[in-house]
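Structure data follow from my_file05.pdb (PDB, C-alpha atoms):
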ATOM      1  CA  MET A 204      -3.872 196.757 -15.285
ATOM      2  CA  THR A 205      -6.708 199.196 -14.804
ATOM      3  CA  VAL A 206      -9.128 196.850 -16.550
ATOM      4  CA  GLY A 207      -7.998 194.005 -14.299
ATOM      5  CA  ALA A 208      -8.468 196.114 -11.180
ATOM      6  CA  VAL A 209     -11.962 197.104 -12.286
ATOM      7  CA  GLY A 210     -12.819 193.482 -12.982
ATOM      8  CA  LEU A 211     -11.503 192.406  -9.597
ATOM      9  CA  ASP A 212     -13.457 195.156  -7.860
ATOM     10  CA  SER A 213     -16.617 194.144  -9.719
ATOM     11  CA  ALA A 214     -16.116 190.520  -8.734
ATOM     12  CA  ARG A 215     -15.692 191.524  -5.111
ATOM     13  CA  ARG A 216     -18.933 193.513  -5.182
ATOM     14  CA  GLU A 217     -20.777 190.584  -6.725
ATOM     15  CA  GLY A 218     -19.358 188.307  -4.060
ATOM     16  CA  THR A 219     -20.536 190.563  -1.255
ATOM     17  CA  LYS A 220     -24.159 190.771  -2.411
ATOM     18  CA  PRO A 221     -25.169 187.279  -1.200
ATOM     19  CA  LEU A 222     -23.292 187.905   2.047
ATOM     20  CA  ALA A 223     -25.170 191.140   2.716
ATOM     21  CA  TRP A 224     -28.469 189.479   1.794
ATOM     22  CA  TRP A 225     -28.297 186.846   4.496
ATOM     23  CA  ILE A 226     -26.425 188.805   7.159
ATOM     24  CA  ALA A 227     -29.104 191.478   7.559
ATOM     25  CA  PRO A 228     -31.987 189.148   8.542
ATOM     26  CA  THR A 229     -29.663 186.820  10.439
ATOM     27  CA  VAL A 230     -28.639 189.418  13.029
ATOM     28  CA  PRO A 231     -32.198 189.927  14.406
ATOM     29  CA  LEU A 232     -32.707 186.157  14.408
ATOM     30  CA  LEU A 233     -29.523 185.662  16.423
ATOM     31  CA  ALA A 234     -30.580 188.448  18.787
ATOM     32  CA  ALA A 235     -33.954 186.744  19.218
ATOM     33  CA  ALA A 236     -32.343 183.361  19.911
ATOM     34  CA  LEU A 237     -29.988 184.881  22.474
ATOM     35  CA  ALA A 238     -32.792 186.844  24.143
ATOM     36  CA  PHE A 239     -35.051 183.784  24.240
ATOM     37  CA  ALA A 240     -32.398 181.584  25.849
ATOM     38  CA  TRP A 241     -31.360 184.281  28.316
ATOM     39  CA  THR A 242     -34.899 185.257  29.331
ATOM     40  CA  LEU A 243     -36.213 181.712  29.606
ATOM     41  CA  HIS A 244     -33.171 180.568  31.583
ATOM     42  CA  GLY A 245     -33.637 183.361  34.105
ATOM     43  CA  GLU A 246     -37.368 182.755  34.437
ATOM     44  CA  LEU A 247     -36.952 178.998  34.880
ATOM     45  CA  GLN A 248     -34.351 179.593  37.575
ATOM     46  CA  ARG A 249     -36.799 181.805  39.423
ATOM     47  CA  LEU A 250     -39.624 179.305  38.878
ATOM     48  CA  TYR A 251     -37.737 176.283  40.203
ATOM     49  CA  GLY A 252     -36.108 178.354  42.931
ATOM     50  CA  MET A 253     -39.553 179.587  44.039
ATOM     51  CA  THR A 254     -38.397 183.198  43.917
ATOM     52  CA  GLY A 255     -40.677 184.423  41.147
ATOM     53  CA  SER A 256     -43.766 186.599  41.231
ATOM     54  CA  ALA A 257     -46.660 184.178  41.521
ATOM     55  CA  TRP A 258     -49.710 186.444  41.515
ATOM     56  CA  ASP A 259     -50.735 186.887  37.859
ATOM     57  CA  TYR A 260     -48.687 183.847  36.902
ATOM     58  CA  ALA A 261     -50.689 181.640  39.275
ATOM     59  CA  TYR A 262     -53.936 183.210  38.081
ATOM     60  CA  ASP A 263     -53.181 182.485  34.438
ATOM     61  CA  GLN A 264     -51.775 179.016  35.028
ATOM     62  CA  GLN A 265     -54.846 177.936  36.961
ATOM     63  CA  VAL A 266     -57.193 179.277  34.282
ATOM     64  CA  ILE A 267     -55.189 177.636  31.499
ATOM     65  CA  TRP A 268     -55.217 174.322  33.323
ATOM     66  CA  ASN A 269     -58.968 174.600  33.900
ATOM     67  CA  VAL A 270     -59.539 175.278  30.207
ATOM     68  CA  SER A 271     -57.327 172.324  29.258
ATOM     69  CA  VAL A 272     -59.414 169.928  31.375
ATOM     70  CA  GLY A 273     -62.766 171.314  30.252
ATOM     71  CA  GLN A 274     -63.620 173.464  33.279
ATOM     72  CA  GLY A 275     -63.746 176.747  31.388
ATOM     73  CA  PHE A 276     -62.202 180.027  32.469
ATOM     74  CA  TYR A 277     -63.086 179.608  36.132
ATOM     75  CA  SER A 278     -60.674 181.081  38.689
ATOM     76  CA  SER A 279     -60.823 180.070  42.326
ATOM     77  CA  PHE A 280     -58.865 183.206  43.243
ATOM     78  CA  ALA A 281     -61.669 185.465  42.046
ATOM     79  CA  ARG A 282     -64.354 182.775  42.445
ATOM     80  CA  ALA A 283     -65.669 183.867  39.081
ATOM     81  CA  ASN A 284     -65.118 183.513  35.363
ATOM     82  CA  PHE A 285     -61.701 184.927  34.535
ATOM     83  CA  LEU A 286     -62.991 186.511  31.328
ATOM     84  CA  GLY A 287     -64.830 188.981  33.518
ATOM     85  CA  ILE A 288     -61.471 190.193  34.824
ATOM     86  CA  HIS A 289     -59.389 190.041  31.659
ATOM     87  CA  PHE A 290     -60.675 189.235  28.196
ATOM     88  CA  GLU A 291     -57.742 187.024  27.163
ATOM     89  CA  LEU A 292     -58.956 184.429  24.679
ATOM     90  CA  ILE A 293     -55.353 183.640  23.691
ATOM     91  CA  LEU A 294     -55.213 181.466  26.812
ATOM     92  CA  VAL A 295     -57.120 178.825  24.833
ATOM     93  CA  VAL A 296     -54.039 178.330  22.641
ATOM     94  CA  LEU A 297     -51.841 177.776  25.679
ATOM     95  CA  ALA A 298     -54.457 175.440  27.139
ATOM     96  CA  ALA A 299     -54.269 173.346  23.965
ATOM     97  CA  VAL A 300     -50.526 172.982  24.515
ATOM     98  CA  GLU A 301     -50.968 172.118  28.185
ATOM     99  CA  LYS A 302     -53.479 169.493  27.139
ATOM    100  CA  PHE A 303     -50.450 167.469  26.050
ATOM    101  CA  TRP A 304     -47.853 168.898  28.450
ATOM    102  CA  ALA A 305     -49.349 170.221  31.672
ATOM    103  CA  ASN A 306     -46.402 172.220  32.937
ATOM    104  CA  PRO A 307     -46.291 175.836  34.148
ATOM    105  CA  ALA A 308     -43.106 176.288  32.117
ATOM    106  CA  VAL A 309     -45.329 176.428  29.015
ATOM    107  CA  LEU A 310     -46.346 179.968  29.932
ATOM    108  CA  LEU A 311     -42.733 181.042  30.363
ATOM    109  CA  ILE A 312     -41.753 179.526  27.017
ATOM    110  CA  PHE A 313     -44.494 181.423  25.192
ATOM    111  CA  SER A 314     -43.730 184.616  27.093
ATOM    112  CA  SER A 315     -39.993 184.436  26.382
ATOM    113  CA  ALA A 316     -40.616 183.562  22.743
ATOM    114  CA  GLY A 317     -43.030 186.460  22.341
ATOM    115  CA  LEU A 318     -40.615 188.990  23.802
ATOM    116  CA  ALA A 319     -37.661 187.610  21.841
ATOM    117  CA  ALA A 320     -39.643 187.577  18.591
ATOM    118  CA  THR A 321     -39.854 191.364  18.694
ATOM    119  CA  ALA A 322     -36.417 191.508  17.019
ATOM    120  CA  PRO A 323     -37.219 189.657  13.761
ATOM    121  CA  ALA A 324     -40.759 191.057  13.727
ATOM    122  CA  ALA A 325     -39.430 194.602  14.059
ATOM    123  CA  TYR A 326     -36.869 193.896  11.333
ATOM    124  CA  LEU A 327     -39.623 192.903   8.905
ATOM    125  CA  PHE A 328     -41.632 195.957   9.927
ATOM    126  CA  PHE A 329     -38.765 198.401   9.408
ATOM    127  CA  ARG A 330     -37.746 196.777   6.122
ATOM    128  CA  ALA A 331     -41.289 197.255   4.861
ATOM    129  CA  LEU A 332     -41.440 200.819   6.164
ATOM    130  CA  LEU A 333     -38.035 202.063   4.999
ATOM    131  CA  PRO A 334     -37.288 202.835   1.318
ATOM    132  CA  ALA A 335     -36.435 199.661  -0.561
ATOM    133  CA  ASP A 336     -34.140 201.450  -3.030
ATOM    134  CA  ARG A 337     -31.754 202.739  -0.373
ATOM    135  CA  PRO A 338     -28.781 200.465   0.416
ATOM    136  CA  GLU A 339     -28.754 201.744   3.993
ATOM    137  CA  SER A 340     -32.291 200.530   4.725
ATOM    138  CA  PRO A 341     -31.439 196.902   5.630
ATOM    139  CA  TRP A 342     -28.701 197.963   8.025
ATOM    140  CA  LEU A 343     -30.853 200.638   9.620
ATOM    141  CA  ALA A 344     -33.568 198.023  10.103
ATOM    142  CA  VAL A 345     -31.014 195.736  11.757
ATOM    143  CA  ALA A 346     -29.730 198.504  14.024
ATOM    144  CA  LEU A 347     -33.258 199.413  15.129
ATOM    145  CA  SER A 348     -34.631 195.896  15.590
ATOM    146  CA  ALA A 349     -31.819 193.760  17.019
ATOM    147  CA  PRO A 350     -31.579 195.539  20.430
ATOM    148  CA  ILE A 351     -35.343 195.532  21.103
ATOM    149  CA  PRO A 352     -35.471 192.285  23.169
ATOM    150  CA  PHE A 353     -32.819 193.768  25.449
ATOM    151  CA  TRP A 354     -34.576 197.078  26.066
ATOM    152  CA  ALA A 355     -35.305 197.879  29.691
ATOM    153  CA  ALA A 356     -39.048 197.921  28.965
ATOM    154  CA  ILE A 357     -38.923 194.424  27.450
ATOM    155  CA  GLN A 358     -36.842 193.112  30.329
ATOM    156  CA  GLU A 359     -39.302 194.632  32.782
ATOM    157  CA  ALA A 360     -42.060 192.650  31.088
ATOM    158  CA  ALA A 361     -39.916 189.520  31.344
ATOM    159  CA  ARG A 362     -39.315 190.187  35.025
ATOM    160  CA  ASP A 363     -43.066 189.971  35.643
ATOM    161  CA  PHE A 364     -43.010 186.339  34.490
ATOM    162  CA  PHE A 365     -46.053 185.867  32.271
ATOM    163  CA  HIS A 366     -48.684 188.129  30.814
ATOM    164  CA  PRO A 367     -50.459 187.297  27.549
ATOM    165  CA  GLU A 368     -49.669 190.745  26.186
ATOM    166  CA  ASN A 369     -45.996 189.719  26.156
ATOM    167  CA  MET A 370     -46.895 188.013  22.884
ATOM    168  CA  ALA A 371     -48.897 190.948  21.527
ATOM    169  CA  LEU A 372     -46.036 193.253  20.519
ATOM    170  CA  ALA A 373     -44.445 190.812  18.076
ATOM    171  CA  LEU A 374     -47.866 189.966  16.635
ATOM    172  CA  ALA A 375     -48.650 193.672  16.208
ATOM    173  CA  LEU A 376     -45.359 194.289  14.400
ATOM    174  CA  LEU A 377     -46.049 191.347  12.098
ATOM    175  CA  ALA A 378     -49.574 192.634  11.450
ATOM    176  CA  SER A 379     -48.138 196.017  10.492
ATOM    177  CA  TRP A 380     -45.603 194.367   8.195
ATOM    178  CA  ALA A 381     -48.343 192.309   6.541
ATOM    179  CA  GLY A 382     -50.468 195.406   5.999
ATOM    180  CA  ILE A 383     -47.637 197.391   4.438
ATOM    181  CA  ARG A 384     -46.696 194.482   2.166
ATOM    182  CA  GLY A 385     -50.291 193.874   1.134
ATOM    183  CA  HIS A 386     -50.833 190.492   2.817
ATOM    184  CA  ARG A 387     -54.440 191.206   3.701
ATOM    185  CA  VAL A 388     -55.477 187.852   5.186
ATOM    186  CA  ALA A 389     -52.350 187.614   7.322
ATOM    187  CA  MET A 390     -52.874 191.160   8.597
ATOM    188  CA  TRP A 391     -56.455 190.488   9.708
ATOM    189  CA  VAL A 392     -55.533 187.196  11.380
ATOM    190  CA  LEU A 393     -52.640 188.823  13.237
ATOM    191  CA  CYS A 394     -54.835 191.743  14.331
ATOM    192  CA  LEU A 395     -57.334 189.276  15.780
ATOM    193  CA  LEU A 396     -54.544 187.466  17.610
ATOM    194  CA  VAL A 397     -53.368 190.768  19.085
ATOM    195  CA  LEU A 398     -56.885 191.488  20.334
ATOM    196  CA  THR A 399     -57.126 188.084  22.001
ATOM    197  CA  CYS A 400     -54.056 188.818  24.138
ATOM    198  CA  LYS A 401     -55.879 191.296  26.378
ATOM    199  CA  GLU A 402     -58.796 193.693  26.307
ATOM    200  CA  ASP A 403     -56.564 196.772  26.285
ATOM    201  CA  GLN A 404     -54.910 195.721  23.013
ATOM    202  CA  VAL A 405     -57.744 197.471  21.191
ATOM    203  CA  TYR A 406     -55.505 200.536  21.416
ATOM    204  CA  THR A 407     -52.686 198.675  19.659
ATOM    205  CA  VAL A 408     -54.923 197.525  16.815
ATOM    206  CA  GLY A 409     -56.367 201.026  16.520
ATOM    207  CA  VAL A 410     -52.846 202.373  16.034
ATOM    208  CA  ILE A 411     -52.246 199.715  13.363
ATOM    209  CA  GLY A 412     -55.328 201.011  11.564
ATOM    210  CA  LEU A 413     -53.992 204.566  11.629
ATOM    211  CA  LEU A 414     -50.636 203.298  10.377
ATOM    212  CA  MET A 415     -52.339 201.559   7.462
ATOM    213  CA  ARG A 416     -54.029 204.834   6.538
ATOM    214  CA  VAL A 417     -50.618 206.272   5.655
ATOM    215  CA  TYR A 418     -48.290 203.360   4.893
ATOM    216  CA  GLY A 419     -50.593 200.468   4.047
ATOM    217  CA  ALA A 420     -50.628 198.766   0.678
ATOM    218  CA  PRO A 421     -53.188 200.318  -1.723
ATOM    219  CA  GLU A 422     -55.756 197.539  -1.275
ATOM    220  CA  ILE A 423     -55.463 197.869   2.509
ATOM    221  CA  ARG A 424     -55.096 201.638   2.768
ATOM    222  CA  LYS A 425     -58.564 202.247   1.372
ATOM    223  CA  HIS A 426     -60.072 199.990   4.065
ATOM    224  CA  TRP A 427     -58.019 201.216   7.035
ATOM    225  CA  ARG A 428     -61.171 202.362   8.830
ATOM    226  CA  PHE A 429     -62.354 198.780   9.208
ATOM    227  CA  ILE A 430     -59.292 197.975  11.317
ATOM    228  CA  VAL A 431     -60.217 200.811  13.671
ATOM    229  CA  TYR A 432     -63.848 199.651  13.594
ATOM    230  CA  LEU A 433     -62.701 196.148  14.542
ATOM    231  CA  ALA A 434     -60.806 197.520  17.540
ATOM    232  CA  GLY A 435     -63.779 199.615  18.623
ATOM    233  CA  ALA A 436     -66.228 196.731  18.222
ATOM    234  CA  TRP A 437     -63.948 194.403  20.179
ATOM    235  CA  PHE A 438     -63.832 196.929  23.000
ATOM    236  CA  LEU A 439     -67.576 197.553  23.071
ATOM    237  CA  ILE A 440     -68.548 193.891  22.840
ATOM    238  CA  GLY A 441     -65.708 192.336  24.827
ATOM    239  CA  THR A 442     -65.453 194.863  27.635
ATOM    240  CA  GLY A 443     -68.877 196.462  27.541
ATOM    241  CA  ILE A 444     -71.000 193.319  27.163
ATOM    242  CA  VAL A 445     -69.120 190.031  27.639
ATOM    243  CA  GLN A 446     -67.043 191.071  30.641
ATOM    244  CA  GLN A 447     -69.968 192.769  32.320
ATOM    245  CA  HIS A 448     -72.040 189.634  31.764
ATOM    246  CA  PHE A 449     -69.512 187.426  33.516
ATOM    247  CA  ARG A 450     -68.960 189.952  36.285
ATOM    248  CA  ASN A 451     -72.669 190.753  36.649
ATOM    249  CA  GLY A 452     -71.949 194.424  36.175
ATOM    250  CA  GLY A 453     -69.045 194.298  38.617
ATOM    251  CA  TYR A 454     -65.597 195.801  38.422
ATOM    252  CA  THR A 455     -63.270 195.601  35.439
ATOM    253  CA  ASP A 456     -60.157 197.617  34.664
ATOM    254  CA  PHE A 457     -62.198 199.973  32.494
ATOM    255  CA  VAL A 458     -65.007 200.625  34.972
ATOM    256  CA  TYR A 459     -63.068 203.466  36.577
ATOM    257  CA  TYR A 460     -63.150 205.461  33.337
ATOM    258  CA  ARG A 461     -66.957 205.503  33.129
ATOM    259  CA  TRP A 462     -66.962 208.963  34.667
ATOM    260  CA  LEU A 463     -65.326 210.377  31.530
ATOM    261  CA  ILE A 464     -68.614 209.888  29.687
ATOM    262  CA  GLY A 465     -70.833 210.818  32.614
ATOM    263  CA  LEU A 466     -71.717 207.308  33.817
ATOM    264  CA  ASN A 467     -70.406 207.778  37.342
ATOM    265  CA  PRO A 468     -72.527 210.316  39.269
ATOM    266  CA  ALA A 469     -69.939 210.464  42.052
ATOM    267  CA  ILE A 470     -67.355 212.053  39.730
ATOM    268  CA  HIS A 471     -68.183 214.847  37.303
ATOM    269  CA  ALA A 472     -66.193 215.135  34.087
ATOM    270  CA  THR A 473     -64.694 218.603  34.462
ATOM    271  CA  PRO A 474     -61.288 219.934  33.323
ATOM    272  CA  THR A 475     -60.097 219.704  36.922
ATOM    273  CA  THR A 476     -61.043 216.047  37.373
ATOM    274  CA  VAL A 477     -59.619 215.151  33.966
ATOM    275  CA  LEU A 478     -56.276 216.883  34.541
ATOM    276  CA  ALA A 479     -55.897 215.851  38.191
ATOM    277  CA  PRO A 480     -54.821 212.230  37.458
ATOM    278  CA  ALA A 481     -52.302 213.496  34.907
ATOM    279  CA  ALA A 482     -50.925 215.926  37.476
ATOM    280  CA  ASP A 483     -50.649 213.104  40.005
ATOM    281  CA  HIS A 484     -48.627 211.044  37.523
ATOM    282  CA  VAL A 485     -46.316 213.990  36.832
ATOM    283  CA  ILE A 486     -45.806 214.537  40.557
ATOM    284  CA  ALA A 487     -45.073 210.838  41.017
ATOM    285  CA  LEU A 488     -42.444 211.034  38.286
ATOM    286  CA  VAL A 489     -40.859 214.230  39.585
ATOM    287  CA  GLU A 490     -40.907 213.306  43.270
ATOM    288  CA  PRO A 491     -37.876 210.951  43.174
ATOM    289  CA  PHE A 492     -35.842 213.674  41.447
ATOM    290  CA  GLN A 493     -36.997 216.179  44.057
ATOM    291  CA  GLN A 494     -35.868 213.851  46.825
ATOM    292  CA  THR A 495     -32.520 213.407  45.091
ATOM    293  CA  TRP A 496     -32.133 217.164  44.799
ATOM    294  CA  ASP A 497     -32.930 217.595  48.507
ATOM    295  CA  VAL A 498     -30.227 215.080  49.413
ATOM    296  CA  MET A 499     -27.731 216.760  47.077
ATOM    297  CA  ARG A 500     -28.566 220.144  48.568
ATOM    298  CA  VAL A 501     -27.912 218.864  52.098
ATOM    299  CA  VAL A 502     -24.645 217.240  51.018
ATOM    300  CA  LEU A 503     -23.599 220.433  49.241
ATOM    301  CA  HIS A 504     -24.453 222.511  52.303
ATOM    302  CA  VAL A 505     -22.451 220.228  54.602
ATOM    303  CA  THR A 506     -19.512 220.207  52.183
ATOM    304  CA  VAL A 507     -19.445 223.991  51.876
ATOM    305  CA  HIS A 508     -19.782 224.387  55.630
ATOM    306  CA  ALA A 509     -16.930 221.946  56.264
ATOM    307  CA  SER A 510     -14.774 223.698  53.692
ATOM    308  CA  THR A 511     -15.468 227.084  55.258
ATOM    309  CA  THR A 512     -14.698 225.770  58.727
ATOM    310  CA  SER A 513     -11.445 224.269  57.494
ATOM    311  CA  CYS A 514     -10.401 227.563  55.942
ATOM    312  CA  CYS A 515     -11.134 229.417  59.169
ATOM    313  CA  CYS A 516      -9.038 226.987  61.149
ATOM    314  CA  CYS A 517      -6.136 227.331  58.756
ATOM    315  CA  SER A 518      -6.239 231.121  58.749
ATOM    316  CA  PRO A 519      -3.867 232.953  61.147
TER     317      PRO A 519
END
Would you mind writing the structure in this file as structure tokens?
Amino acid sequence: MTVGAVGLDSARREGTKPLAWWIAPTVPLLAAALAFAWTLHGELQRLYGMTGSAWDYAYDQQVIWNVSVGQGFYSSFARANFLGIHFELILVVLAAVEKFWANPAVLLIFSSAGLAATAPAAYLFFRALLPADRPESPWLAVALSAPIPFWAAIQEAARDFFHPENMALALALLASWAGIRGHRVAMWVLCLLVLTCKEDQVYTVGVIGLLMRVYGAPEIRKHWRFIVYLAGAWFLIGTGIVQQHFRNGGYTDFVYYRWLIGLNPAIHATPTTVLAPAADHVIALVEPFQQTWDVMRVVLHVTVHASTTSCCCCSP
């Protein structure tokens, strides 16, 4: 009887192995499908109901349409080449799609897909990062990755309709996974795609390089510096040369920070000027709580006063 019980238990364990194998990756895929349908449905409702935010969305749609018809990155809003404002070469891919289907919903589809893809991309990343010999690793990867498309930060990005960097997070997670697993070509291609999403994604790729220094596959770990060099070169060439060329030395998002390296004579790089913006951000974060505390203090004062008055009236 004992031998039969052991055999039955062994058979049950063998039967559960295939089930566990396909359940773990299926959960993030289902989460991604649900997030994609939910996000896209909400964005299309806002689009067709004309209740969405049209500023950056209109900018990008016009540029993508211009690229699709051979008019380059020109924007009539800025009356200049859009690459001088944002270095977003990924728009060429969307323009290729709109070449066959010229519809503003294309941007929302790519945006929703990019945000939803963070779940399976994060699952692959965590599976590569966590110990492979631990039975808990797949389930921990599922628990960490499946909720990501529903995070408040991701939903805030979805609320803003379309930004190319909505696709960058999933690409960055896949690039990290490829680097840890030793897929060198895939990692470099994905890093380049991340950089094309926006000029500020050089920070993301730089972090990937630092990650590869510790967790990368052996053939990638010894060349981690080149990933950081790629990010730095993209920043110097894209922002420092190409954008300034199109803007004729005019404003870009990074121009403000020239004073940190002494290129703005109106602002001197001192500890006070460096820490002042950080202090302003802290004050901006604390101020709502201070206002809440002021309201609570007034309510508490009124409540205590009313209670004291009531006690006085009830006393003989």
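Coordinates place CA of Leu374 in chain A at a distance of 18.5 Å from CA of Phe429 in chain A.
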If the PyMOL selection byres ((chain A and resi 390) around 8) is run on the structure shown, which residues does it catch, given as a PyMOL selection string?
chain A and resi 377-382+386-389+391-394
Starting from the PyMOL selection byres ((chain A and resi 330) around 12), expand the selection into actual residues of this file and give them as a PyMOL selection string.
chain A and resi 227-228+323-329+331-348+376-377+379-381+383-384
Care to translate the PyMOL selection byres ((chain A and resi 442) around 10) into actual residues of this file, as a PyMOL selection string?
chain A and resi 286-290+402-403+436-441+443-448+455-458
Report, in Å to a single decimal, how far apart CA of Ala375 in chain A and CA of His426 in chain A are.
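According to the coordinates, CA of His426 in chain A and CA of Ala375 in chain A are separated by 17.8 Å.
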What is the distance, in Å and to one decimal place, between CA of Ala298 in chain A and CA of Pro367 in chain A?
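About the pair CA of Ala298 in chain A and CA of Pro367 in chain A: they are 12.5 Å apart.
Using only C-alpha atoms, the shortest contact distance between Ala316 in chain A and any of A:Leu396, A:Ala281, A:Gly409, A:Thr242 is found at A:Thr242.
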Around (-51.0, 196.7, -4.4), as given in the file, which residues come within 9 Å? Count all atoms listed in the file and list them as a ChimeraX atom specification.
/A:384-385,420-423
Of A:Val270, A:Leu311, A:Ala322, A:Ala299, the one nearest to Phe285 in chain A when counting all atoms listed in the file is A:Val270
Take every atom of range 232-241 of chain A listed in the file, fit an axis-aligned box around them, add 8 Å per side, and give the centre and edge lengths in Å to one decimal as lines of an AutoDock Vina configuration file.
center_x = -32.3
center_y = 185.0
center_z = 21.4
size_x = 21.5
size_y = 22.9
size_z = 29.9
